[in-house]
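Visitor: After the structure tokens below, expect a handful of questions from me.
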There are 2 protein chains.
Amino acid sequence: MGELEKLRRELRSAGLRMTPQRVEVYREMIRSGGHPGAAEVHEGVRRRLPSISLDTVYRTLWKLVELGLLRPLVTTGDRIRFDAVLETHHHFVCTRCGRTIDFTSSELDGLDIPEAARRLGSVRDAHVEVRGICNGCAGERKTEKGERDEEG
Amino acid sequence: MGELEKLRRELRSAGLRMTPQRVEVYREMIRSGGHPGAAEVHEGVRRRLPSISLDTVYRTLWKLVELGLLRPLVTTGDRIRFDAVLETHHHFVCTRCGRTIDFTSSELDGLDIPEAARRLGSVRDAHVEVRGICNGCAGERKTEKGERDEEG
DNA sequence: GTATAATCAGGAATATTTCCTATCTGCTAA
DNA sequence: TTAGCAGATAGGAAATATTCCTGATTATAC
């Protein structure tokens with residue numbers, strides 16, 4: 001299914017409108033492939049919708065999270081970053097620099113959700129968050145805390 | 001091992017000092033049992049160290065994250081929340097209200113980390129994040145976005 | 001004990017995120 | 001196809017969380 005169809009379907013089933021702003025924010029998230037923050041998304045979408053406001057970007061991003069199309073990441077303290085939920089993937093989070101790196105794993109997909117979790121609500125999906133020190137940080141001897149910000 | 005011993009060990013091996021502020025911030029995190037933000041921790045610690053500054057609380061929380069003793073949560077947009085990494089537990093995150101609920105699962109503990117993740121750096125731990133709609137939100141028909149804030 | 005590098009308190013500064021509201025628009029039903 | 005309306009947007013203002021800066025203090029190794 002095309003990604004826009006997915007968007008259309010989710011918006012529809014939630015009784016929300018398919019506006020150009022919503023379409024472009026979602027497309028920008030997919031196109032970026034990474035974990036952009038609201039400001040990056042705003043900048044990207046402006047190329048197509050020059051007058052879109054930052055507030056709309058924020059509202060839209062959170063709305064898409066609610067619809068399950070995006071996922072906010074573990075915070076790194078600098079800003080909120082988002083991740084497009086496309087095929088299943090998992091995250092390696094570096095506790096030193098805060099970078100979140102995607103990886104895939106067929107073993108981890110299809111992980112079955114234990115009863116203890118299902119009891120808490122209706123489950124939509126699950127993913128694994130692995131924490132540790134990334135190779136980049138392990139290499140450089142000293143990493144200032146200020147670098148928590150960076151992310152690819 | 002006592003939690004304070006763990007703190008002492010981690011601080012030591014990182015060449016950091018064991019200050020009363022660090023001890024109390026960590027103890028407060030453990031005592032809270034939940035997912036407090038910096039302001040709550042500050043308030044709690046003040047009972048024992050009335051003059052501790054909010055800035056110190058922030059610095060200490062991030063330092064403890066770096067040491068692997070705390071974990072920042074998936075953001076909900078309002079503030080950064082932290083989780084003490086004690087016995088292994090996992091998270092159910094409600095995409096509607098943003099609440100993060102702990103659950104335990106012996107099946108999910110001891111999940112083995114795939115090569116694809118180990119390649120990215122030195123792994124410390126892993127946990128599963130299940131997403132869906134919590135029972136609370138499923139009950140109330142309408143949930144305003146503003147409620148993303150709340151958390152127990 | 002003492003030297004010394006690290007940490008602290010407090011307030012100021014920054015930046016991100018959200019709020020407000022008049023205006024506009026996508027969607028549905030006729 | 002079009003009218004009507006609930007819902008969405010823009011733009012700037014406001015709130016709030018987070019970090020930075022400095023002189024003073026403190027924990028630890030020796």
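Simple scheme: letters A, B, ... for chains in structure tokens order, numbers from 1 for residues in each chain, numbers from 1 for ligands in the order shown.
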Find the residues of chain B in contact range of chain D, meaning any atom within 12 Å when counting only C-alpha atoms (C1' of nucleotides), and list them as a PyMOL selection string.
Guide: chain B and resi 12+15-21+37-39+54-59+62+77-81
Visitor: How would the residues just picked look written out with N, CA and C atoms as an mmCIF file, in the first residue's frame?
Guide:
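Okay, selection22.cif is ready:
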```
data_model
loop_
_atom_site.group_PDB
_atom_site.id
_atom_site.type_symbol
_atom_site.label_atom_id
_atom_site.label_comp_id
_atom_site.auth_asym_id
_atom_site.auth_seq_id
_atom_site.Cartn_x
_atom_site.Cartn_y
_atom_site.Cartn_z
ATOM 1 N N ARG B 12 32.482 5.899 40.347
ATOM 2 C CA ARG B 12 33.904 5.649 40.496
ATOM 3 C C ARG B 12 34.544 5.279 39.173
ATOM 4 N N GLY B 15 35.195 8.020 37.032
ATOM 5 C CA GLY B 15 36.052 9.044 37.603
ATOM 6 C C GLY B 15 35.281 10.239 38.135
ATOM 7 N N LEU B 16 34.046 9.983 38.577
ATOM 8 C CA LEU B 16 33.220 11.074 39.074
ATOM 9 C C LEU B 16 33.063 10.956 40.582
ATOM 10 N N ARG B 17 32.780 12.091 41.205
ATOM 11 C CA ARG B 17 32.672 12.086 42.666
ATOM 12 C C ARG B 17 31.286 11.733 43.159
ATOM 13 N N MET B 18 31.275 11.158 44.338
ATOM 14 C CA MET B 18 30.019 10.793 44.972
ATOM 15 C C MET B 18 29.578 11.965 45.834
ATOM 16 N N THR B 19 28.765 12.831 45.272
ATOM 17 C CA THR B 19 28.324 13.994 46.022
ATOM 18 C C THR B 19 26.955 13.734 46.619
ATOM 19 N N PRO B 20 26.623 14.457 47.694
ATOM 20 C CA PRO B 20 25.309 14.272 48.323
ATOM 21 C C PRO B 20 24.195 14.538 47.317
ATOM 22 N N GLN B 21 24.403 15.492 46.434
ATOM 23 C CA GLN B 21 23.370 15.810 45.442
ATOM 24 C C GLN B 21 23.118 14.620 44.530
ATOM 25 N N GLY B 37 9.625 13.978 36.161
ATOM 26 C CA GLY B 37 10.409 14.946 35.404
ATOM 27 C C GLY B 37 11.366 15.650 36.349
ATOM 28 N N ALA B 38 12.203 16.508 35.801
ATOM 29 C CA ALA B 38 13.222 17.172 36.606
ATOM 30 C C ALA B 38 12.608 17.975 37.757
ATOM 31 N N ALA B 39 11.488 18.627 37.498
ATOM 32 C CA ALA B 39 10.888 19.464 38.527
ATOM 33 C C ALA B 39 10.420 18.632 39.726
ATOM 34 N N LEU B 54 17.891 23.605 40.616
ATOM 35 C CA LEU B 54 17.279 22.846 39.538
ATOM 36 C C LEU B 54 18.324 22.461 38.503
ATOM 37 N N ASP B 55 19.264 23.347 38.278
ATOM 38 C CA ASP B 55 20.313 23.076 37.299
ATOM 39 C C ASP B 55 21.117 21.846 37.707
ATOM 40 N N THR B 56 21.406 21.727 38.960
ATOM 41 C CA THR B 56 22.141 20.564 39.449
ATOM 42 C C THR B 56 21.335 19.294 39.225
ATOM 43 N N VAL B 57 20.042 19.404 39.437
ATOM 44 C CA VAL B 57 19.189 18.242 39.208
ATOM 45 C C VAL B 57 19.267 17.811 37.748
ATOM 46 N N TYR B 58 19.162 18.764 36.847
ATOM 47 C CA TYR B 58 19.256 18.436 35.426
ATOM 48 C C TYR B 58 20.594 17.794 35.095
ATOM 49 N N ARG B 59 21.652 18.451 35.526
ATOM 50 C CA ARG B 59 22.980 17.929 35.225
ATOM 51 C C ARG B 59 23.139 16.510 35.742
ATOM 52 N N TRP B 62 21.063 13.805 33.759
ATOM 53 C CA TRP B 62 21.698 13.424 32.497
ATOM 54 C C TRP B 62 22.963 12.622 32.721
ATOM 55 N N GLY B 77 6.355 15.427 24.854
ATOM 56 C CA GLY B 77 6.298 16.789 24.393
ATOM 57 C C GLY B 77 6.257 17.821 25.494
ATOM 58 N N ASP B 78 5.850 17.434 26.663
ATOM 59 C CA ASP B 78 5.730 18.446 27.695
ATOM 60 C C ASP B 78 7.028 18.631 28.463
ATOM 61 N N ARG B 79 7.630 17.559 28.828
ATOM 62 C CA ARG B 79 8.854 17.655 29.602
ATOM 63 C C ARG B 79 9.594 16.330 29.487
ATOM 64 N N ILE B 80 10.817 16.312 29.919
ATOM 65 C CA ILE B 80 11.584 15.079 29.856
ATOM 66 C C ILE B 80 11.311 14.278 31.121
ATOM 67 N N ARG B 81 11.043 13.021 30.961
ATOM 68 C CA ARG B 81 10.806 12.152 32.105
ATOM 69 C C ARG B 81 11.866 11.069 32.160
#
```
Visitor: Given a cut-off of 8 Å, which residues of chain C touch chain A, counting only C-alpha atoms (C1' of nucleotides), written out as a list in words?
Guide: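 Close enough to count are DT16, DT18, DG26 and DC27 of chain C.
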Visitor: Write the selection just made, keeping C-alpha atoms (C1' of nucleotides), as a short mmCIF file (atom, residue, chain, number, x, y, z; two decimals), in the first residue's frame?
Guide:
```
data_model
loop_
_atom_site.label_atom_id
_atom_site.label_comp_id
_atom_site.auth_asym_id
_atom_site.auth_seq_id
_atom_site.Cartn_x
_atom_site.Cartn_y
_atom_site.Cartn_z
"C1'" DT C 16 11.60 25.02 21.98
"C1'" DT C 18 2.22 25.70 22.71
"C1'" DG C 26 -11.92 20.08 3.04
"C1'" DC C 27 -15.73 17.27 3.32
#
```
Visitor: DSSP on the backbone: what in segment 10-87 of chain A comes out strand (DSSP E), as a PyMOL selection string?
Guide: chain A and resi 70-72+82-84
Visitor: Chain A near chain B within 6 Å: what's each residue's closest atom pair and its distance in Å to one decimal, counting only C-alpha atoms, ordered by chain then ascending residue number, as CSV?
Guide:
```
residue,atom,partner,partner_atom,distance
A:Glu66,CA,B:Thr95,CA,5.1
A:Leu73,CA,B:Val74,CA,5.4
A:Val74,CA,B:Val74,CA,4.0
A:Thr75,CA,B:Thr75,CA,5.6
A:Thr95,CA,B:Glu66,CA,5.1
A:Arg96,CA,B:Glu66,CA,5.4
A:Leu120,CA,B:Cys134,CA,5.8
A:Gly121,CA,B:Cys134,CA,4.1
A:Ser122,CA,B:Ile133,CA,5.3
A:Val123,CA,B:Gly132,CA,4.3
A:Arg124,CA,B:Gly132,CA,4.6
A:Asp125,CA,B:Arg131,CA,5.4
A:Ala126,CA,B:Val130,CA,4.2
A:His127,CA,B:Glu129,CA,5.5
A:Val128,CA,B:Val128,CA,4.5
A:Glu129,CA,B:His127,CA,5.5
A:Val130,CA,B:Ala126,CA,4.2
A:Arg131,CA,B:Asp125,CA,5.4
A:Gly132,CA,B:Val123,CA,4.3
A:Ile133,CA,B:Ser122,CA,5.3
A:Cys134,CA,B:Gly121,CA,4.1
A:Asn135,CA,B:Gly121,CA,4.6
```
Visitor: For atom CA of Thr100 of chain B and atom CA of His35 of chain B, determine how far apart the two atoms are, in Å to one decimal place.
Guide: 8.0 Å
Visitor: As an exercise, work out the distance from atom CA of Glu87 of chain B to atom CA of Arg46 of chain B in Å and give it to one decimal place.
Guide: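 According to the coordinates, atom CA of Glu87 of chain B and atom CA of Arg46 of chain B are separated by 26.6 Å.
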Visitor: Among the residues of chain B, find those DSSP assigns to alpha helix (DSSP H) from the backbone and print them as a PyMOL selection string.
Guide: chain B and resi 3-13+20-32+38-46+54-66+115-118+135-139
Visitor: Save out the residues we just selected, C-alpha atoms, as a PDB file, in the first residue's frame.
Guide:
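Heads up, here's the output in result_15.pdb:
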```
ATOM      1  CA  GLU B   3      21.407   0.632  44.752  1.00  0.00           C
ATOM      2  CA  LEU B   4      23.805   3.047  46.350  1.00  0.00           C
ATOM      3  CA  GLU B   5      26.628   0.631  45.788  1.00  0.00           C
ATOM      4  CA  LYS B   6      25.711   0.549  42.146  1.00  0.00           C
ATOM      5  CA  LEU B   7      25.798   4.334  42.059  1.00  0.00           C
ATOM      6  CA  ARG B   8      29.118   4.428  43.833  1.00  0.00           C
ATOM      7  CA  ARG B   9      30.610   1.895  41.473  1.00  0.00           C
ATOM      8  CA  GLU B  10      29.429   3.648  38.344  1.00  0.00           C
ATOM      9  CA  LEU B  11      30.564   7.037  39.516  1.00  0.00           C
ATOM     10  CA  ARG B  12      33.904   5.649  40.496  1.00  0.00           C
ATOM     11  CA  SER B  13      34.543   3.873  37.251  1.00  0.00           C
ATOM     12  CA  PRO B  20      25.309  14.272  48.323  1.00  0.00           C
ATOM     13  CA  GLN B  21      23.370  15.810  45.442  1.00  0.00           C
ATOM     14  CA  ARG B  22      24.007  12.841  43.210  1.00  0.00           C
ATOM     15  CA  VAL B  23      23.087  10.431  45.934  1.00  0.00           C
ATOM     16  CA  GLU B  24      19.846  12.177  46.703  1.00  0.00           C
ATOM     17  CA  VAL B  25      18.813  12.608  43.095  1.00  0.00           C
ATOM     18  CA  TYR B  26      19.342   8.935  42.481  1.00  0.00           C
ATOM     19  CA  ARG B  27      17.536   7.930  45.646  1.00  0.00           C
ATOM     20  CA  GLU B  28      14.649  10.149  44.741  1.00  0.00           C
ATOM     21  CA  MET B  29      14.372   8.493  41.351  1.00  0.00           C
ATOM     22  CA  ILE B  30      14.298   5.089  42.961  1.00  0.00           C
ATOM     23  CA  ARG B  31      11.894   6.100  45.640  1.00  0.00           C
ATOM     24  CA  SER B  32       9.460   7.678  43.223  1.00  0.00           C
ATOM     25  CA  ALA B  38      13.222  17.172  36.606  1.00  0.00           C
ATOM     26  CA  ALA B  39      10.888  19.464  38.527  1.00  0.00           C
ATOM     27  CA  GLU B  40       9.373  16.621  40.540  1.00  0.00           C
ATOM     28  CA  VAL B  41      12.797  15.255  41.357  1.00  0.00           C
ATOM     29  CA  HIS B  42      13.946  18.688  42.381  1.00  0.00           C
ATOM     30  CA  GLU B  43      11.004  19.101  44.673  1.00  0.00           C
ATOM     31  CA  GLY B  44      11.548  15.692  46.209  1.00  0.00           C
ATOM     32  CA  VAL B  45      15.251  16.140  46.785  1.00  0.00           C
ATOM     33  CA  ARG B  46      14.746  19.532  48.357  1.00  0.00           C
ATOM     34  CA  LEU B  54      17.279  22.846  39.538  1.00  0.00           C
ATOM     35  CA  ASP B  55      20.313  23.076  37.299  1.00  0.00           C
ATOM     36  CA  THR B  56      22.141  20.564  39.449  1.00  0.00           C
ATOM     37  CA  VAL B  57      19.189  18.242  39.208  1.00  0.00           C
ATOM     38  CA  TYR B  58      19.256  18.436  35.426  1.00  0.00           C
ATOM     39  CA  ARG B  59      22.980  17.929  35.225  1.00  0.00           C
ATOM     40  CA  THR B  60      22.807  15.005  37.575  1.00  0.00           C
ATOM     41  CA  LEU B  61      19.896  13.322  35.832  1.00  0.00           C
ATOM     42  CA  TRP B  62      21.698  13.424  32.497  1.00  0.00           C
ATOM     43  CA  LYS B  63      24.878  12.231  34.079  1.00  0.00           C
ATOM     44  CA  LEU B  64      23.054   9.262  35.540  1.00  0.00           C
ATOM     45  CA  VAL B  65      21.589   8.553  32.123  1.00  0.00           C
ATOM     46  CA  GLU B  66      25.103   8.522  30.752  1.00  0.00           C
ATOM     47  CA  GLU B 115      24.160  -9.237  15.622  1.00  0.00           C
ATOM     48  CA  ALA B 116      22.764  -6.267  13.683  1.00  0.00           C
ATOM     49  CA  ALA B 117      22.513  -4.345  16.947  1.00  0.00           C
ATOM     50  CA  ARG B 118      25.734  -5.545  18.497  1.00  0.00           C
ATOM     51  CA  ASN B 135      -7.374   1.182  28.806  1.00  0.00           C
ATOM     52  CA  GLY B 136      -7.924   4.585  30.279  1.00  0.00           C
ATOM     53  CA  CYS B 137      -8.085   6.235  26.873  1.00  0.00           C
ATOM     54  CA  ALA B 138     -10.113   3.443  25.345  1.00  0.00           C
ATOM     55  CA  GLY B 139     -12.708   4.039  28.025  1.00  0.00           C
TER      56      GLY B 139
END
```
Visitor: What separation in Å, quoted to one decimal, exists between atom CA of Ser53 of chain B and atom C1' of DC8 of chain C?
Guide: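 It comes out at 8.2 Å.
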Visitor: Hey, which of B:Gly2, B:Pro36, B:Asp109, B:Pro50 ends up closest to Thr88 of chain B? Count only C-alpha atoms.
Guide: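 Going through B:Gly2, B:Pro36, B:Asp109, B:Pro50 one by one, the smallest distance to Thr88 of chain B is for B:Asp109.
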